[in-house]
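As provided, input_2.txt (compact mmCIF, C-alpha atoms and all ligand atoms) reads as follows.
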# COMPACT_ATOMS: atom_id res chain seq x y z
CA MET A 1 0.00 0.00 0.00
CA ARG A 2 1.20 3.53 -0.80
CA GLN A 3 2.56 5.31 2.28
CA VAL A 4 1.04 8.74 2.91
CA PRO A 5 3.45 11.10 4.70
CA VAL A 6 1.88 11.30 8.15
CA ASN A 7 3.26 14.61 9.23
CA HIS A 8 2.90 16.83 6.16
CA ALA A 9 0.13 19.31 6.84
CA THR A 10 -2.12 20.21 3.95
CA LYS A 11 -4.07 23.05 5.51
CA THR A 12 -2.87 25.92 7.63
CA MET A 13 -2.61 25.09 11.30
CA THR A 14 -4.84 27.13 13.61
CA ILE A 15 -4.63 27.91 17.32
CA HIS A 16 -7.15 25.09 17.89
CA ASP A 17 -4.67 22.60 16.42
CA PHE A 18 -2.14 23.60 19.08
CA LYS A 19 -4.50 22.51 21.86
CA ARG A 20 -5.60 19.42 19.94
CA LYS A 21 -1.98 18.35 19.49
CA LYS A 22 -1.41 18.65 23.22
CA GLU A 23 -4.52 16.62 23.98
CA GLN A 24 -3.44 13.95 21.49
CA HIS A 25 0.16 13.95 22.78
CA THR A 26 1.44 14.92 19.33
CA LYS A 27 4.58 17.03 19.55
CA ILE A 28 4.50 20.51 18.01
CA THR A 29 7.41 21.36 15.70
CA MET A 30 8.44 24.99 15.45
CA LEU A 31 11.42 26.64 13.76
CA THR A 32 12.42 30.26 13.48
CA CYS A 33 12.21 31.68 9.98
CA TYR A 34 13.25 35.11 8.82
CA ASP A 35 13.29 35.20 5.03
CA TYR A 36 11.68 34.05 1.79
CA PRO A 37 14.07 31.25 0.71
CA SER A 38 13.98 29.63 4.17
CA ALA A 39 10.20 29.92 4.20
CA ARG A 40 10.07 28.16 0.78
CA MET A 41 12.06 25.27 2.27
CA ILE A 42 9.94 25.06 5.42
CA ALA A 43 6.84 25.14 3.20
CA GLU A 44 7.93 21.76 1.82
CA SER A 45 8.60 20.29 5.28
CA PRO A 46 6.47 18.73 8.02
CA ILE A 47 7.18 21.67 10.39
CA ASP A 48 3.93 22.87 12.06
CA CYS A 49 4.67 26.52 12.70
CA VAL A 50 7.32 29.19 12.26
CA LEU A 51 8.43 31.95 14.55
CA VAL A 52 9.62 35.18 12.99
CA GLY A 53 11.66 35.66 16.13
CA ASP A 54 13.30 38.83 17.30
CA SER A 55 16.41 36.61 17.29
CA VAL A 56 16.57 37.88 13.70
CA ALA A 57 18.43 40.88 15.18
CA MET A 58 21.25 38.51 16.20
CA ALA A 59 21.07 35.66 13.67
CA VAL A 60 20.63 37.82 10.57
CA HIS A 61 21.62 41.38 11.48
CA GLY A 62 24.61 40.51 13.68
CA HIS A 63 23.50 42.44 16.76
CA ALA A 64 24.63 41.38 20.24
CA SER A 65 21.11 40.90 21.61
CA THR A 66 17.44 40.82 20.63
CA ILE A 67 17.04 44.23 22.25
CA MET A 68 18.09 45.69 18.89
CA ALA A 69 15.08 44.26 17.03
CA THR A 70 12.66 46.95 15.84
CA MET A 71 9.08 46.99 14.56
CA ASP A 72 10.34 47.83 11.04
CA MET A 73 12.68 44.83 11.14
CA MET A 74 9.95 42.48 12.35
CA VAL A 75 7.44 43.71 9.76
CA LEU A 76 9.95 43.37 6.89
CA HIS A 77 10.95 39.82 7.87
CA THR A 78 7.35 38.77 8.58
CA GLU A 79 6.32 39.92 5.09
CA ALA A 80 9.18 37.97 3.49
CA VAL A 81 8.27 34.79 5.40
CA VAL A 82 4.57 35.17 4.56
CA ARG A 83 5.41 35.31 0.82
CA GLY A 84 7.27 32.01 0.99
CA ILE A 85 5.56 29.88 3.61
CA GLY A 86 3.20 26.94 3.08
CA PRO A 87 0.55 25.67 5.48
CA GLN A 88 2.59 26.60 8.56
CA PHE A 89 1.14 28.84 11.27
CA ILE A 90 3.17 32.08 11.54
CA ILE A 91 3.96 33.72 14.86
CA SER A 92 5.84 37.04 14.98
CA ASP A 93 7.69 38.41 17.96
CA LEU A 94 6.68 41.73 19.42
CA PRO A 95 10.08 43.42 19.84
CA PHE A 96 11.63 44.93 22.94
CA LEU A 97 9.31 47.29 24.87
CA CYS A 98 6.73 47.38 22.06
CA HIS A 99 3.97 46.28 24.46
CA ARG A 100 5.24 48.54 27.27
CA VAL A 101 3.74 51.61 25.63
CA SER A 102 0.19 52.96 25.69
CA ASP A 103 -2.63 50.53 24.83
CA VAL A 104 -3.18 52.44 21.59
CA ASP A 105 0.47 52.12 20.57
CA THR A 106 0.58 48.45 21.60
CA VAL A 107 -2.45 47.72 19.41
CA GLN A 108 -0.83 49.67 16.55
CA ASN A 109 2.36 47.57 16.86
CA VAL A 110 0.40 44.32 16.93
CA ARG A 111 -1.71 45.49 13.99
CA LYS A 112 1.43 46.06 11.90
CA LEU A 113 2.60 42.47 12.43
CA LEU A 114 -0.84 40.97 11.76
CA GLN A 115 -1.24 43.08 8.61
CA ALA A 116 2.22 41.90 7.54
CA GLY A 117 0.64 38.44 7.55
CA ALA A 118 1.41 36.93 10.97
CA HIS A 119 -1.31 34.71 12.42
CA ALA A 120 -0.28 35.32 16.03
CA ILE A 121 2.06 37.38 18.17
CA LYS A 122 4.59 36.24 20.77
CA ILE A 123 5.14 38.44 23.81
CA GLU A 124 7.92 37.95 26.38
CA GLY A 125 7.23 38.15 30.10
CA ALA A 126 4.39 37.39 32.47
CA ASP A 127 4.41 40.23 34.99
CA PRO A 128 0.98 41.71 35.81
CA HIS A 129 1.36 44.48 33.20
CA ALA A 130 2.27 42.00 30.44
CA CYS A 131 -0.61 39.68 31.44
CA GLN A 132 -3.07 42.57 31.42
CA THR A 133 -1.88 43.63 27.95
CA ILE A 134 -2.14 40.05 26.70
CA ALA A 135 -5.68 39.71 28.10
CA THR A 136 -6.71 42.93 26.32
CA LEU A 137 -5.19 41.78 23.01
CA VAL A 138 -6.82 38.34 23.27
CA THR A 139 -10.18 40.00 23.99
CA ASN A 140 -9.64 41.95 20.79
CA GLY A 141 -9.26 38.71 18.82
CA ILE A 142 -5.48 38.50 18.64
CA PRO A 143 -3.88 35.11 19.34
CA ILE A 144 -0.95 35.47 21.72
CA MET A 145 1.89 33.07 22.51
CA GLY A 146 3.60 33.69 25.85
CA HIS A 147 7.31 33.32 26.60
CA ILE A 148 8.80 32.65 30.04
CA GLY A 149 12.03 31.36 31.56
CA LEU A 150 15.03 32.89 29.88
CA THR A 151 13.44 35.86 28.17
CA PRO A 152 16.27 37.31 26.04
CA GLN A 153 14.77 40.83 25.92
CA SER A 154 15.48 40.98 29.69
CA VAL A 155 19.03 39.67 29.38
CA HIS A 156 20.54 42.56 31.32
CA GLN A 157 18.08 42.19 34.17
CA LEU A 158 18.63 38.42 34.26
CA GLY A 159 22.40 39.00 34.40
CA GLY A 160 23.13 37.02 31.23
CA TYR A 161 21.81 34.06 29.27
CA LYS A 162 21.37 31.74 32.27
CA ILE A 163 19.20 28.75 33.10
CA GLN A 164 16.07 29.90 34.94
CA GLY A 165 14.11 28.12 37.68
CA LYS A 166 16.97 26.20 39.27
CA GLU A 167 15.89 27.20 42.79
CA GLU A 168 12.55 25.94 44.10
CA GLU A 169 11.22 29.48 44.65
CA GLN A 170 12.10 30.49 41.06
CA ALA A 171 10.53 27.27 39.74
CA GLN A 172 7.31 28.06 41.63
CA GLN A 173 7.34 31.58 40.17
CA LEU A 174 7.68 30.18 36.66
CA LEU A 175 4.70 27.88 37.25
CA GLN A 176 2.63 30.83 38.48
CA GLN A 177 3.70 32.89 35.46
CA ALA A 178 2.69 30.10 33.08
CA GLN A 179 -0.71 29.81 34.78
CA ALA A 180 -1.16 33.59 34.62
CA LEU A 181 -0.45 33.52 30.87
CA GLU A 182 -2.97 30.73 30.40
CA ALA A 183 -5.53 32.72 32.41
CA ALA A 184 -4.78 35.80 30.26
CA GLY A 185 -5.76 33.79 27.18
CA CYS A 186 -2.46 32.71 25.59
CA PHE A 187 -2.92 29.78 23.20
CA ALA A 188 0.59 28.44 23.90
CA VAL A 189 3.69 29.38 25.85
CA VAL A 190 7.39 29.15 25.05
CA ILE A 191 9.54 27.98 27.96
CA GLU A 192 13.21 28.78 27.47
CA CYS A 193 16.17 27.31 29.36
CA VAL A 194 14.67 25.71 32.44
CA PRO A 195 15.47 22.36 34.11
CA LYS A 196 13.60 19.27 32.93
CA HIS A 197 11.45 18.86 36.05
CA VAL A 198 10.32 22.50 35.89
CA ALA A 199 9.31 22.15 32.23
CA GLY A 200 7.48 18.92 33.09
CA THR A 201 5.57 20.43 36.03
CA ILE A 202 4.48 23.45 33.99
CA THR A 203 3.50 21.35 30.98
CA LYS A 204 1.35 19.05 33.14
CA ALA A 205 -0.28 21.99 34.94
CA LEU A 206 -1.41 23.77 31.75
CA LYS A 207 -4.18 22.98 29.27
CA ILE A 208 -2.41 25.06 26.60
CA PRO A 209 0.74 23.59 25.02
CA THR A 210 4.27 24.48 26.02
CA ILE A 211 6.99 24.88 23.40
CA GLY A 212 10.47 24.35 24.76
CA ILE A 213 13.92 25.60 23.87
CA GLY A 214 16.54 24.32 26.26
CA ALA A 215 13.68 22.94 28.36
CA SER A 216 14.08 19.16 27.77
CA VAL A 217 11.73 16.73 26.10
CA GLU A 218 9.01 17.36 28.71
CA THR A 219 7.35 20.18 26.77
CA ASP A 220 4.56 19.72 24.20
CA GLY A 221 6.74 20.98 21.37
CA GLN A 222 10.19 22.27 20.49
CA VAL A 223 11.57 25.38 18.81
CA LEU A 224 15.11 26.04 17.57
CA VAL A 225 16.74 28.89 15.70
CA TRP A 226 17.19 28.14 11.96
CA HIS A 227 20.88 29.11 11.76
CA ASP A 228 21.78 27.22 14.96
CA MET A 229 20.09 23.92 14.20
CA LEU A 230 21.26 23.82 10.57
CA GLY A 231 24.85 24.52 11.59
CA LEU A 232 24.98 27.75 9.61
CA GLN A 233 26.87 29.33 12.47
CA THR A 234 29.36 27.51 14.66
CA GLU A 235 30.25 30.11 17.32
CA PHE A 236 27.15 29.70 19.52
CA LYS A 237 26.90 26.17 20.89
CA PRO A 238 24.88 25.99 24.11
CA ARG A 239 24.28 22.53 25.65
CA PHE A 240 20.63 22.45 24.55
CA LEU A 241 21.46 22.96 20.90
CA LYS A 242 21.60 20.01 18.55
CA GLN A 243 23.01 20.68 15.10
CA PHE A 244 20.92 18.70 12.60
CA ALA A 245 23.02 19.58 9.54
CA ASN A 246 26.48 20.91 8.72
CA GLY A 247 25.10 23.87 6.80
CA LYS A 248 28.21 26.04 7.06
CA ASP A 249 30.50 23.26 5.78
CA VAL A 250 28.26 22.62 2.78
CA LEU A 251 28.02 26.32 1.90
CA MET A 252 31.74 26.99 2.47
CA ALA A 253 32.64 24.11 0.15
CA GLY A 254 30.42 25.66 -2.54
CA ILE A 255 31.94 29.13 -2.06
CA HIS A 256 35.50 27.77 -2.27
CA LYS A 257 34.68 25.73 -5.36
CA TYR A 258 33.13 28.78 -7.09
CA ALA A 259 36.12 31.04 -6.24
CA ASP A 260 38.56 28.37 -7.39
CA GLN A 261 36.79 27.77 -10.69
CA VAL A 262 36.52 31.51 -11.43
CA GLN A 263 40.22 32.01 -10.60
CA HIS A 264 41.21 29.11 -12.90
CA ALA A 265 38.84 30.16 -15.69
CA GLN A 266 36.93 26.88 -15.29
CA PHE A 267 33.67 28.78 -14.89
CA PRO A 268 31.74 29.76 -16.95
CA THR A 269 32.19 26.95 -19.47
CA PRO A 270 30.44 27.08 -22.87
CA GLU A 271 27.33 25.46 -21.37
CA HIS A 272 26.91 28.48 -19.09
CA ALA A 273 27.58 31.06 -21.81
CA TYR A 274 25.36 32.58 -24.50
O1 LIG B 1 13.33 35.03 18.94
C1 LIG B 1 13.42 33.80 19.06
O2 LIG B 1 14.07 33.11 18.25
C2 LIG B 1 12.75 33.18 20.19
C3 LIG B 1 12.96 31.71 20.37
C4 LIG B 1 14.28 31.45 20.95
C5 LIG B 1 11.88 31.11 21.18
O3 LIG B 1 12.10 33.83 20.93
Taking this structure as input, can you express it in the form of structure tokens?
Amino acid sequence: MRQVPVNHATKTMTIHDFKRKKEQHTKITMLTCYDYPSARMIAESPIDCVLVGDSVAMAVHGHASTIMATMDMMVLHTEAVVRGIGPQFIISDLPFLCHRVSDVDTVQNVRKLLQAGAHAIKIEGADPHACQTIATLVTNGIPIMGHIGLTPQSVHQLGGYKIQGKEEEQAQQLLQQAQALEAAGCFAVVIECVPKHVAGTITKALKIPTIGIGASVETDGQVLVWHDMLGLQTEFKPRFLKQFANGKDVLMAGIHKYADQVQHAQFPTPEHAY
């Protein structure tokens, strides 16, 4: 009998599919995506959803932190991803401080990302102000993904890119934050860099799915940064990161071959000339 690929989605995932996947114990696959050619590749893959992450500021623009991401940057990259993507659900990050402004300005920022083509918005943090903002946005019909644990926009307050929730009190706080985000109406929550037991406790306590990065296999899904997991950069190698391809090696070999052939007049050959 002909095998049908089990994982390849044919219709765009919705927020309801996130919950259904959790209920059915089907892992959610998420990857960051920042541009059209990557989106074209993901479109042909079984990946469920993409995050136009503010990590674009680091991975693509070479900044030292995600604090440098701007609304213009996020809109431009969201639009490029939207043009290339397939049935994947698209979540865009609200950049640094863009929900710490007036309600009117917050709504304007969110509107820009949704009109760029995002299906949902990710917001870092779960303090009372963030939860209130999230609740207001959800009431206005905007799907929101939360993000707790190591929240890179707060890197300076956290004192660096460190594992969160190692102490019992911190772990309890993370659980309360996750529950507050669920109560505010988030359809899913990213948990970044926390110990396995903390990720497990939070995942069991919530009805909405958790998506982990550096949070063990206990979460309902996983997310990794495109350039990290494809080995397109080799400088940043935290313990949680698995490199699934040697992207840089493959590309470097191509670049060297091209330079060599041009230098030795081996390219273009007649077949590449008019
Ligand atoms: O911006 C990003 O890439 C993220 C993921 C690490 C979750 O927020």
_For ligand LIG 1 (chain B), the nearest of the candidates A:Gly53, A:Gly141, A:Gly117, A:Gly214, counting all atoms listed in the file_ =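 Among the listed residues, the smallest separation from ligand LIG 1 (chain B) belongs to A:Gly53.
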*Restricting the calculation to all atoms listed in the file, which member of A:Ala80, A:Leu114, A:Val50, A:Leu158 is positioned closest to Ile211 of chain A?*
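Going through A:Ala80, A:Leu114, A:Val50, A:Leu158 one by one, the smallest distance to Ile211 of chain A is for A:Val50.
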Using all atoms listed in the file, which residues sit within 10 Å of Val194 of chain A once same-chain residues fewer than 4 positions away are excluded, as a short mmCIF file (atom, residue, chain, number, x, y, z; two decimals) with C-alpha atoms, in the coordinates of the input?
data_model
loop_
_atom_site.label_atom_id
_atom_site.label_comp_id
_atom_site.auth_asym_id
_atom_site.auth_seq_id
_atom_site.Cartn_x
_atom_site.Cartn_y
_atom_site.Cartn_z
CA ILE A 148 8.80 32.65 30.04
CA GLY A 149 12.03 31.36 31.56
CA LEU A 150 15.03 32.89 29.88
CA LYS A 162 21.37 31.74 32.27
CA ILE A 163 19.20 28.75 33.10
CA GLN A 164 16.07 29.90 34.94
CA GLY A 165 14.11 28.12 37.68
CA LYS A 166 16.97 26.20 39.27
CA ALA A 171 10.53 27.27 39.74
CA LEU A 174 7.68 30.18 36.66
CA VAL A 198 10.32 22.50 35.89
CA ALA A 199 9.31 22.15 32.23
CA GLY A 200 7.48 18.92 33.09
CA GLY A 212 10.47 24.35 24.76
CA ILE A 213 13.92 25.60 23.87
CA GLY A 214 16.54 24.32 26.26
CA ALA A 215 13.68 22.94 28.36
CA SER A 216 14.08 19.16 27.77
#
*Return as a list in words every polymer residue, whether protein, DNA or RNA, with at least one atom no more than 6 Å from an atom of ligand LIG 1 (chain B); count all atoms listed in the file.*
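What falls inside 6 Å of ligand LIG 1 (chain B) is Thr32, Gly53, Asp54, Ser55 and Val225 of chain A.
Taking atom CA of Ile191 of chain A as the reference point, atom CA of His63 of chain A is found at 23.0 Å.
The spacing separating atom CA of Lys237 of chain A from atom CA of Met58 of chain A amounts to 14.4 Å.
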*Distance criterion (only C-alpha atoms): nearest to Gln173 of chain A out of A:Ala126, A:Leu241, A:Met145, A:Ile42*: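 Checking each candidate against Gln173 of chain A, we get A:Ala126 as the closest.
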*Quick one: of A:Leu230, A:Ala205, A:Val101, A:Leu76, who's nearest to Gln177 of chain A, counting all atoms listed in the file?*
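Under the stated criterion, the closest residue is A:Ala205.
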_Could you list, as a list in words, every residue within 12 Å of Ser102 of chain A, counting only C-alpha atoms and ignoring same-chain residues fewer than 6 positions away?_
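What passes the distance filter is Gln108, Asn109, His129 and Thr133 of chain A.
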Deliver the residues from the most recent selection as a file, using C-alpha atoms, as a PDB file, in the frame of the given file.
ATOM      1  CA  GLN A 108      -0.830  49.670  16.550  1.00  0.00           C
ATOM      2  CA  ASN A 109       2.360  47.570  16.860  1.00  0.00           C
ATOM      3  CA  HIS A 129       1.360  44.480  33.200  1.00  0.00           C
ATOM      4  CA  THR A 133      -1.880  43.630  27.950  1.00  0.00           C
TER       5      THR A 133
END
*asked:* Residues within 8 Å of Met68 of chain A, please, as a PyMOL selection string. Count only C-alpha atoms; anything in the same chain fewer than 3 positions from it doesn't count.
replied: chain A and resi 57+63-65+96
*Closest to Lys122 of chain A among A:Val189, A:Val104, A:Ala59, A:Ala178, using all atoms listed in the file?*
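Looking at the shortest contact to Lys122 of chain A, the residue is A:Val189.
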*Separation of atom CA of Val223 of chain A and atom CA of Asp103 of chain A, in Å?*
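Distance reported for this atom pair: 29.5 Å.
For Lys11 of chain A, the residues within 9 Å (counting all atoms listed in the file, excluding itself and residues fewer than 3 positions away along the chain) are Gly86, Pro87 and Gln88 of chain A.
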_Counting all atoms listed in the file, which residues have an atom no more than 10 Å from (1.2, 28.4, 9.8) in the file's coordinates? Please list them as an MDAnalysis selection string._
chainID A and resid 9 11:15 30 43 47:51 82 85:91 118:120
Those selected residues, please, written with C-alpha atoms and delivered as an mmCIF file, in the frame of the given file.
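Below is the file again-v7.cif, written as the result:
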data_model
loop_
_atom_site.group_PDB
_atom_site.id
_atom_site.type_symbol
_atom_site.label_atom_id
_atom_site.label_comp_id
_atom_site.auth_asym_id
_atom_site.auth_seq_id
_atom_site.Cartn_x
_atom_site.Cartn_y
_atom_site.Cartn_z
ATOM 1 C CA ALA A 9 0.130 19.310 6.840
ATOM 2 C CA LYS A 11 -4.070 23.050 5.510
ATOM 3 C CA THR A 12 -2.870 25.920 7.630
ATOM 4 C CA MET A 13 -2.610 25.090 11.300
ATOM 5 C CA THR A 14 -4.840 27.130 13.610
ATOM 6 C CA ILE A 15 -4.630 27.910 17.320
ATOM 7 C CA MET A 30 8.440 24.990 15.450
ATOM 8 C CA ALA A 43 6.840 25.140 3.200
ATOM 9 C CA ILE A 47 7.180 21.670 10.390
ATOM 10 C CA ASP A 48 3.930 22.870 12.060
ATOM 11 C CA CYS A 49 4.670 26.520 12.700
ATOM 12 C CA VAL A 50 7.320 29.190 12.260
ATOM 13 C CA LEU A 51 8.430 31.950 14.550
ATOM 14 C CA VAL A 82 4.570 35.170 4.560
ATOM 15 C CA ILE A 85 5.560 29.880 3.610
ATOM 16 C CA GLY A 86 3.200 26.940 3.080
ATOM 17 C CA PRO A 87 0.550 25.670 5.480
ATOM 18 C CA GLN A 88 2.590 26.600 8.560
ATOM 19 C CA PHE A 89 1.140 28.840 11.270
ATOM 20 C CA ILE A 90 3.170 32.080 11.540
ATOM 21 C CA ILE A 91 3.960 33.720 14.860
ATOM 22 C CA ALA A 118 1.410 36.930 10.970
ATOM 23 C CA HIS A 119 -1.310 34.710 12.420
ATOM 24 C CA ALA A 120 -0.280 35.320 16.030
#
*Using all atoms listed in the file, pick whichever of A:Leu224, A:Ala130, A:Ile142, A:Leu206 has the shortest atom-to-atom distance to Glu23 of chain A.*
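Among A:Leu224, A:Ala130, A:Ile142, A:Leu206, it is A:Leu206 that comes nearest to Glu23 of chain A.
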_Asn246 of chain A surroundings by all atoms listed in the file, 9 Å radius, close-in-sequence under 4 positions cut, as a list of chain:residue names_ =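 So, after excluding close chain neighbours, the residues are A:Met229, A:Leu230, A:Gly231, A:Leu232, A:Val250, A:Leu251.
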Write the selection just made, keeping C-alpha atoms, as a short mmCIF file (atom, residue, chain, number, x, y, z; two decimals), in the frame of the given file?
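Okay, this is what ended up in again_19.cif:
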data_model
loop_
_atom_site.label_atom_id
_atom_site.label_comp_id
_atom_site.auth_asym_id
_atom_site.auth_seq_id
_atom_site.Cartn_x
_atom_site.Cartn_y
_atom_site.Cartn_z
CA MET A 229 20.09 23.92 14.20
CA LEU A 230 21.26 23.82 10.57
CA GLY A 231 24.85 24.52 11.59
CA LEU A 232 24.98 27.75 9.61
CA VAL A 250 28.26 22.62 2.78
CA LEU A 251 28.02 26.32 1.90
#
Test item: axis-aligned box, all listed atoms of segment 47-52 of chain A, 5 Å on each side, centre and edges in Å rounded to one decimal, as AutoDock Vina command-line options:
--center_x 6.8 --center_y 28.4 --center_z 12.5 --size_x 15.7 --size_y 23.5 --size_z 14.2
